[in-house]
There are 2 protein chains.
Amino acid sequence: MSENAREAILEAAKGAAQIHGYSGINFRTIADAVGIKNASIYYHFSSKADLGAAVARRYWEDTSSVLEAIRGANPEPISCLQVYPTIFRSSLEGGNRLCLSSFMAAEYQDLPEEVKREVLAFADINVAWLAKVLSDTGLAGVEVCERRARAIYTAVAGAQLIARTRVDIGLFDELVQSYREAGLIPT
Amino acid sequence: MSENAREAILEAAKGAAQIHGYSGINFRTIADAVGIKNASIYYHFSSKADLGAAVARRYWEDTSSVLEAIRGANPEPISCLQVYPTIFRSSLEGGNRLCLSSFMAAEYQDLPEEVKREVLAFADINVAWLAKVLSDTGLAGVEVCERRARAIYTAVAGAQLIARTRVDIGLFDELVQSYREAGLIPT
DNA sequence: ACCTGAACACCGTTCAAGT
DNA sequence: ACCTGAACACCGTTCAAGT
């Protein structure tokens, strides 16, 4: 149970954060789920900020791996753009969850500094990946790709947020499709 | 102070919600700002949910008025689309605030039912207005305008969220400009 | 009609104490 | 090394009591 407790705490905190955001991470609820007392969490994490930062860090690291895998499996950059929104889509599945870092972006002003850093890291790796993929299409220069990458990331994150309020994955798909039809996401 | 207290509570709650979201509405802090005790708020509002719903309702009502004014001042629908993002932009000004209902959308799952209703109403009046304006351009049919309206609203709301995390209004402007260049927002 | 103090359960955090 | 009970301040809410 030693290294397992830390792991179980992280998992429980991630689940709570995906549904309720950072402020929804409740030490007593997590302790119950793990089978320890809430004070025991402080043996593994020095504070709620520390736990929140660990959750967010692991989240963007996992996303980074997924992005690399997508690129490895899709030599065609256009195919990468086709697949990209599924990352946000899959967050919506299974309990209408929200992409962790997008969610925390809403609470941003109230987040501890160390959590903010990890949230920004998530956005950064997404934009960098998109810019690279766009650049590989050869459709535009690096400068333009950077700008477009930010626009795509922002629009898709917004789609996830809005679709969540309607509890409607179909709405997410429709919004992404509209982005494509409008020309925001190259096809 | 009778009717003024209710008004002062609403104003203070709106300010808190714009910065911290629904969960950031703190009865003791609001009471201090108004100059009463926190228990006194319950004389004017039956619960935090009631106060939150009143704040959100007034917010979308005000937005609805602004939208009507924009249409009244701009006979050209394209001009309306030019002005539209400034609603979200002005929320970012003065303390990096977030459009109230967009913000609450992030906390959506945890909101009381009566607050949820008002948050959805905000999105609805925005989409309806955009669909009407798009339809008036004569560029597409009603069906397509509905879809495009949802896409524009979602993308602009997302831009506000992301720009907020970077404390950078210039980023908001850049994102909106990218949407225009990509063809998402007609120009 | 409008406000208040005192009390409640809930939450992050600390700390001395247990094995 | 890992966990616990008890206590702290903070928050939404209630309620009997004040003017």
# chains A, B, ... in the order shown; residues from 1 in each chain; ligands from 1
$ residues_around --residues "DT13 (chain D)" --least-positions-apart "5" --cutoff "10 Å" --atoms "only C-alpha atoms (C1' of nucleotides)" --output "MDAnalysis selection string"
(chainID B and resid 39 42 46:48) or (chainID C and resid 8:9)
$ interface_residues --of "chain C" --to "chain A" --cutoff "12 Å" --atoms "only C-alpha atoms (C1' of nucleotides)" --output "list of chain:residue names"
C:DC10, C:DC11, C:DG12, C:DT13, C:DT14, C:DC15
$ write_last_selection --atoms "all heavy atoms" --output "short mmCIF file (atom, residue, chain, number, x, y, z; two decimals), in the first residue's frame"
data_model
loop_
_atom_site.label_atom_id
_atom_site.label_comp_id
_atom_site.auth_asym_id
_atom_site.auth_seq_id
_atom_site.Cartn_x
_atom_site.Cartn_y
_atom_site.Cartn_z
P DC C 10 -21.72 17.30 7.32
OP1 DC C 10 -22.46 16.56 6.28
OP2 DC C 10 -21.00 16.60 8.39
"O5'" DC C 10 -20.68 18.28 6.58
"C5'" DC C 10 -21.09 18.99 5.42
"C4'" DC C 10 -19.94 19.83 4.92
"O4'" DC C 10 -19.61 20.83 5.91
"C3'" DC C 10 -18.64 19.03 4.67
"O3'" DC C 10 -18.18 19.26 3.35
"C2'" DC C 10 -17.66 19.59 5.69
"C1'" DC C 10 -18.21 20.99 5.91
N1 DC C 10 -17.78 21.60 7.21
C2 DC C 10 -17.19 22.86 7.20
O2 DC C 10 -17.06 23.45 6.13
N3 DC C 10 -16.78 23.40 8.38
C4 DC C 10 -16.95 22.73 9.52
N4 DC C 10 -16.54 23.30 10.64
C5 DC C 10 -17.56 21.44 9.54
C6 DC C 10 -17.96 20.92 8.38
P DC C 11 -16.98 18.37 2.70
OP1 DC C 11 -17.29 18.15 1.29
OP2 DC C 11 -16.72 17.25 3.61
"O5'" DC C 11 -15.71 19.35 2.77
"C5'" DC C 11 -15.69 20.52 1.97
"C4'" DC C 11 -14.44 21.31 2.32
"O4'" DC C 11 -14.56 21.79 3.67
"C3'" DC C 11 -13.16 20.46 2.28
"O3'" DC C 11 -12.24 21.03 1.36
"C2'" DC C 11 -12.61 20.51 3.69
"C1'" DC C 11 -13.30 21.72 4.29
N1 DC C 11 -13.50 21.58 5.76
C2 DC C 11 -12.97 22.56 6.60
O2 DC C 11 -12.37 23.52 6.12
N3 DC C 11 -13.12 22.42 7.95
C4 DC C 11 -13.78 21.37 8.43
N4 DC C 11 -13.92 21.27 9.75
C5 DC C 11 -14.34 20.37 7.58
C6 DC C 11 -14.17 20.51 6.26
P DG C 12 -10.94 20.19 0.89
OP1 DG C 12 -10.86 20.26 -0.57
OP2 DG C 12 -10.96 18.90 1.58
"O5'" DG C 12 -9.73 21.05 1.50
"C5'" DG C 12 -9.45 22.33 0.97
"C4'" DG C 12 -8.42 23.03 1.84
"O4'" DG C 12 -8.91 23.09 3.20
"C3'" DG C 12 -7.07 22.33 1.90
"O3'" DG C 12 -6.05 23.32 1.85
"C2'" DG C 12 -7.10 21.60 3.25
"C1'" DG C 12 -7.98 22.52 4.08
N9 DG C 12 -8.74 21.82 5.13
C8 DG C 12 -9.54 20.72 4.97
N7 DG C 12 -10.11 20.32 6.09
C5 DG C 12 -9.65 21.22 7.03
C6 DG C 12 -9.92 21.30 8.43
O6 DG C 12 -10.63 20.56 9.12
N1 DG C 12 -9.25 22.37 9.02
C2 DG C 12 -8.44 23.24 8.35
N2 DG C 12 -7.89 24.21 9.09
N3 DG C 12 -8.18 23.19 7.05
C4 DG C 12 -8.82 22.15 6.46
P DT C 13 -4.51 22.92 1.83
OP1 DT C 13 -3.73 24.03 1.24
OP2 DT C 13 -4.39 21.56 1.28
"O5'" DT C 13 -4.17 22.88 3.38
"C5'" DT C 13 -4.39 24.04 4.16
"C4'" DT C 13 -4.01 23.77 5.60
"O4'" DT C 13 -5.04 23.00 6.24
"C3'" DT C 13 -2.71 22.97 5.78
"O3'" DT C 13 -1.75 23.81 6.38
"C2'" DT C 13 -3.11 21.79 6.66
"C1'" DT C 13 -4.43 22.26 7.27
N1 DT C 13 -5.38 21.17 7.65
C2 DT C 13 -5.81 21.10 8.95
O2 DT C 13 -5.44 21.90 9.80
N3 DT C 13 -6.68 20.09 9.23
C4 DT C 13 -7.16 19.14 8.34
O4 DT C 13 -7.94 18.27 8.72
C5 DT C 13 -6.67 19.25 6.99
C7 DT C 13 -7.11 18.27 5.97
C6 DT C 13 -5.81 20.25 6.72
P DT C 14 -0.28 23.28 6.68
OP1 DT C 14 0.64 24.41 6.52
OP2 DT C 14 -0.06 22.02 5.95
"O5'" DT C 14 -0.39 22.95 8.23
"C5'" DT C 14 -0.96 23.91 9.11
"C4'" DT C 14 -0.95 23.40 10.54
"O4'" DT C 14 -2.01 22.43 10.72
"C3'" DT C 14 0.35 22.69 10.94
"O3'" DT C 14 0.75 23.18 12.20
"C2'" DT C 14 -0.04 21.20 11.00
"C1'" DT C 14 -1.51 21.30 11.41
N1 DT C 14 -2.37 20.15 11.01
C2 DT C 14 -3.27 19.66 11.92
O2 DT C 14 -3.39 20.09 13.05
N3 DT C 14 -4.03 18.61 11.46
C4 DT C 14 -3.98 18.04 10.20
O4 DT C 14 -4.72 17.10 9.91
C5 DT C 14 -3.02 18.60 9.30
C7 DT C 14 -2.88 18.05 7.92
C6 DT C 14 -2.26 19.62 9.75
P DC C 15 2.26 23.02 12.73
OP1 DC C 15 2.71 24.36 13.12
OP2 DC C 15 3.04 22.22 11.76
"O5'" DC C 15 2.05 22.14 14.03
"C5'" DC C 15 0.76 22.04 14.65
"C4'" DC C 15 0.72 20.83 15.57
"O4'" DC C 15 -0.23 19.87 15.05
"C3'" DC C 15 2.06 20.07 15.71
"O3'" DC C 15 2.17 19.57 17.02
"C2'" DC C 15 1.90 18.95 14.71
"C1'" DC C 15 0.43 18.60 14.94
N1 DC C 15 -0.19 17.81 13.83
C2 DC C 15 -1.36 17.09 14.09
O2 DC C 15 -1.86 17.12 15.21
N3 DC C 15 -1.90 16.37 13.09
C4 DC C 15 -1.32 16.36 11.87
N4 DC C 15 -1.90 15.63 10.92
C5 DC C 15 -0.12 17.09 11.60
C6 DC C 15 0.40 17.80 12.61
#
$ interface_residues --of "chain B" --to "chain A" --cutoff "7 Å" --atoms "only C-alpha atoms" --output "number ranges by chain"
B: 20, 103, 105-108, 110, 147-148, 151, 154-155, 157-159, 161-162, 165, 175, 178-179, 182-184
$ write_last_selection --atoms "C-alpha atoms" --output "short mmCIF file (atom, residue, chain, number, x, y, z; two decimals), in the first residue's frame"
data_model
loop_
_atom_site.label_atom_id
_atom_site.label_comp_id
_atom_site.auth_asym_id
_atom_site.auth_seq_id
_atom_site.Cartn_x
_atom_site.Cartn_y
_atom_site.Cartn_z
CA HIS B 20 -13.90 33.64 -9.29
CA PHE B 103 -17.14 31.26 -16.69
CA ALA B 105 -20.03 27.06 -17.90
CA ALA B 106 -16.82 25.58 -16.55
CA GLU B 107 -18.37 24.94 -13.17
CA TYR B 108 -21.53 23.83 -14.87
CA ASP B 110 -21.76 21.76 -9.86
CA ARG B 147 -24.64 25.86 -37.11
CA ARG B 148 -22.23 28.64 -37.91
CA ALA B 151 -19.39 27.69 -33.93
CA THR B 154 -18.11 28.77 -29.01
CA ALA B 155 -14.85 29.91 -30.58
CA ALA B 157 -16.01 32.21 -25.73
CA GLY B 158 -12.99 29.90 -25.92
CA ALA B 159 -10.79 32.81 -26.96
CA LEU B 161 -11.08 31.78 -21.64
CA ILE B 162 -7.62 31.22 -23.09
CA THR B 165 -5.14 32.53 -18.54
CA LEU B 175 -7.46 34.78 -31.92
CA SER B 178 -7.36 34.35 -36.87
CA TYR B 179 -10.99 33.24 -36.88
CA ALA B 182 -9.65 31.41 -41.52
CA GLY B 183 -13.16 32.27 -42.63
CA LEU B 184 -14.99 31.24 -39.48
#
$ residues_around --residues "Arg57 (chain B)" --least-positions-apart "5" --cutoff "9 Å" --atoms "only C-alpha atoms (C1' of nucleotides)" --output "PDB file with N, CA and C atoms, in the first residue's frame"
ATOM      1  N   GLY B  52     -27.080  33.481  -7.035  1.00  0.00           N
ATOM      2  CA  GLY B  52     -26.337  33.176  -8.262  1.00  0.00           C
ATOM      3  C   GLY B  52     -27.227  33.234  -9.495  1.00  0.00           C
ATOM      4  N   ASP B  62     -28.792  41.944 -19.567  1.00  0.00           N
ATOM      5  CA  ASP B  62     -27.975  43.087 -19.982  1.00  0.00           C
ATOM      6  C   ASP B  62     -27.313  42.826 -21.334  1.00  0.00           C
ATOM      7  N   VAL B 115     -29.465  28.051 -11.508  1.00  0.00           N
ATOM      8  CA  VAL B 115     -28.354  28.819 -12.088  1.00  0.00           C
ATOM      9  C   VAL B 115     -28.040  28.293 -13.489  1.00  0.00           C
ATOM     10  N   ARG B 117     -30.018  27.082 -15.643  1.00  0.00           N
ATOM     11  CA  ARG B 117     -31.001  27.620 -16.594  1.00  0.00           C
ATOM     12  C   ARG B 117     -30.564  28.971 -17.140  1.00  0.00           C
ATOM     13  N   GLU B 118     -30.076  29.839 -16.259  1.00  0.00           N
ATOM     14  CA  GLU B 118     -29.692  31.189 -16.678  1.00  0.00           C
ATOM     15  C   GLU B 118     -28.420  31.169 -17.518  1.00  0.00           C
ATOM     16  N   VAL B 119     -27.525  30.249 -17.192  1.00  0.00           N
ATOM     17  CA  VAL B 119     -26.292  30.132 -17.974  1.00  0.00           C
ATOM     18  C   VAL B 119     -26.610  29.699 -19.405  1.00  0.00           C
ATOM     19  N   ALA B 121     -29.379  30.199 -20.911  1.00  0.00           N
ATOM     20  CA  ALA B 121     -30.102  31.306 -21.551  1.00  0.00           C
ATOM     21  C   ALA B 121     -29.121  32.280 -22.192  1.00  0.00           C
ATOM     22  N   PHE B 122     -27.995  32.502 -21.525  1.00  0.00           N
ATOM     23  CA  PHE B 122     -26.988  33.411 -22.075  1.00  0.00           C
ATOM     24  C   PHE B 122     -26.475  32.891 -23.415  1.00  0.00           C
TER      25      PHE B 122
END
$ residues_around --residues "DC3 (chain D)" --least-positions-apart "4" --cutoff "9 Å" --atoms "only C-alpha atoms (C1' of nucleotides)" --output "count of residues only"
7
$ residues_around --residues "Arg6 (chain B)" --least-positions-apart "4" --cutoff "12 Å" --atoms "only C-alpha atoms (C1' of nucleotides)" --output "PDB file with N, CA and C atoms (P, O5', C5', C4', C3', O3' and C1' of nucleotides), in the first residue's frame"
ATOM      1  N   MET B   1     -31.644  52.379   2.452  1.00  0.00           N
ATOM      2  CA  MET B   1     -30.804  51.193   2.357  1.00  0.00           C
ATOM      3  C   MET B   1     -31.620  49.940   2.037  1.00  0.00           C
ATOM      4  N   SER B   2     -32.962  50.043   2.083  1.00  0.00           N
ATOM      5  CA  SER B   2     -33.771  48.848   1.882  1.00  0.00           C
ATOM      6  C   SER B   2     -33.547  48.223   0.501  1.00  0.00           C
ATOM      7  N   LEU B  10     -26.274  42.242  -5.138  1.00  0.00           N
ATOM      8  CA  LEU B  10     -26.215  41.762  -6.523  1.00  0.00           C
ATOM      9  C   LEU B  10     -24.928  42.226  -7.209  1.00  0.00           C
ATOM     10  N   GLU B  11     -24.603  43.485  -7.028  1.00  0.00           N
ATOM     11  CA  GLU B  11     -23.404  44.038  -7.664  1.00  0.00           C
ATOM     12  C   GLU B  11     -22.140  43.355  -7.155  1.00  0.00           C
ATOM     13  N   ALA B  12     -22.057  43.223  -5.852  1.00  0.00           N
ATOM     14  CA  ALA B  12     -20.878  42.585  -5.258  1.00  0.00           C
ATOM     15  C   ALA B  12     -20.756  41.129  -5.701  1.00  0.00           C
ATOM     16  N   ALA B  13     -21.895  40.451  -5.759  1.00  0.00           N
ATOM     17  CA  ALA B  13     -21.886  39.043  -6.177  1.00  0.00           C
ATOM     18  C   ALA B  13     -21.481  38.915  -7.640  1.00  0.00           C
ATOM     19  N   ILE B  30     -19.075  39.378   0.704  1.00  0.00           N
ATOM     20  CA  ILE B  30     -20.102  40.242   0.124  1.00  0.00           C
ATOM     21  C   ILE B  30     -20.745  41.098   1.211  1.00  0.00           C
ATOM     22  N   ALA B  31     -21.035  40.464   2.331  1.00  0.00           N
ATOM     23  CA  ALA B  31     -21.657  41.196   3.436  1.00  0.00           C
ATOM     24  C   ALA B  31     -20.761  42.350   3.889  1.00  0.00           C
ATOM     25  N   VAL B  34     -20.964  45.186   1.466  1.00  0.00           N
ATOM     26  CA  VAL B  34     -22.261  45.882   1.512  1.00  0.00           C
ATOM     27  C   VAL B  34     -22.442  46.628   2.834  1.00  0.00           C
ATOM     28  N   GLY B  35     -21.759  46.132   3.873  1.00  0.00           N
ATOM     29  CA  GLY B  35     -21.876  46.776   5.172  1.00  0.00           C
ATOM     30  C   GLY B  35     -22.953  46.156   6.051  1.00  0.00           C
ATOM     31  N   ILE B  36     -23.230  44.872   5.836  1.00  0.00           N
ATOM     32  CA  ILE B  36     -24.172  44.138   6.675  1.00  0.00           C
ATOM     33  C   ILE B  36     -23.511  42.842   7.131  1.00  0.00           C
ATOM     34  N   SER B  40     -27.665  38.436   7.013  1.00  0.00           N
ATOM     35  CA  SER B  40     -28.661  39.366   6.485  1.00  0.00           C
ATOM     36  C   SER B  40     -28.939  39.152   5.000  1.00  0.00           C
ATOM     37  N   ILE B  41     -27.968  38.565   4.310  1.00  0.00           N
ATOM     38  CA  ILE B  41     -28.162  38.319   2.873  1.00  0.00           C
ATOM     39  C   ILE B  41     -29.375  37.429   2.652  1.00  0.00           C
ATOM     40  N   TYR B  42     -29.622  36.545   3.618  1.00  0.00           N
ATOM     41  CA  TYR B  42     -30.731  35.597   3.472  1.00  0.00           C
ATOM     42  C   TYR B  42     -32.096  36.275   3.569  1.00  0.00           C
ATOM     43  N   TYR B  43     -32.102  37.513   3.999  1.00  0.00           N
ATOM     44  CA  TYR B  43     -33.364  38.246   3.982  1.00  0.00           C
ATOM     45  C   TYR B  43     -33.706  38.617   2.539  1.00  0.00           C
ATOM     46  N   HIS B  44     -32.668  38.882   1.729  1.00  0.00           N
ATOM     47  CA  HIS B  44     -32.878  39.323   0.339  1.00  0.00           C
ATOM     48  C   HIS B  44     -32.858  38.168  -0.664  1.00  0.00           C
ATOM     49  N   PHE B  45     -32.065  37.147  -0.355  1.00  0.00           N
ATOM     50  CA  PHE B  45     -31.977  35.986  -1.257  1.00  0.00           C
ATOM     51  C   PHE B  45     -32.076  34.715  -0.422  1.00  0.00           C
ATOM     52  N   SER B  46     -32.886  33.796  -0.879  1.00  0.00           N
ATOM     53  CA  SER B  46     -33.180  32.615  -0.069  1.00  0.00           C
ATOM     54  C   SER B  46     -32.000  31.658   0.055  1.00  0.00           C
ATOM     55  N   LEU B  51     -29.234  33.680  -5.245  1.00  0.00           N
ATOM     56  CA  LEU B  51     -28.419  34.855  -5.571  1.00  0.00           C
ATOM     57  C   LEU B  51     -27.665  34.643  -6.879  1.00  0.00           C
ATOM     58  N   ALA B  54     -29.963  35.005  -9.822  1.00  0.00           N
ATOM     59  CA  ALA B  54     -30.330  36.413 -10.041  1.00  0.00           C
ATOM     60  C   ALA B  54     -29.200  37.152 -10.753  1.00  0.00           C
ATOM     61  N   VAL B  55     -27.966  36.872 -10.345  1.00  0.00           N
ATOM     62  CA  VAL B  55     -26.800  37.493 -10.982  1.00  0.00           C
ATOM     63  C   VAL B  55     -26.709  37.078 -12.453  1.00  0.00           C
TER      64      VAL B  55
ATOM     65  P    DC C   2     -37.356  45.947   3.626  1.00  0.00           P
ATOM     66  O5'  DC C   2     -36.221  45.659   4.698  1.00  0.00           O
ATOM     67  C5'  DC C   2     -35.606  46.761   5.350  1.00  0.00           C
ATOM     68  C4'  DC C   2     -34.749  46.261   6.469  1.00  0.00           C
ATOM     69  C3'  DC C   2     -33.582  45.354   6.042  1.00  0.00           C
ATOM     70  O3'  DC C   2     -32.382  46.095   6.146  1.00  0.00           O
ATOM     71  C1'  DC C   2     -34.614  44.614   8.055  1.00  0.00           C
TER      72       DC C   2
END
$ atom_distance --atom1 "CA of Ala17 (chain B)" --atom2 "CA of Cys99 (chain B)"
9.3 Å
$ select_by_dssp --residues "region 41-171 of chain A" --states "helix (DSSP H, G or I)" --output "NGL selection string"
:A and (41-44 or 48-73 or 77-83 or 85-96 or 100-106 or 108-110 or 113-137 or 142-165 or 169-171)
$ atom_distance --atom1 "CA of Thr187 (chain A)" --atom2 "CA of Ser90 (chain A)"
20.9 Å
$ atom_distance --atom1 "CA of Ala8 (chain B)" --atom2 "CA of Leu67 (chain B)"
25.4 Å
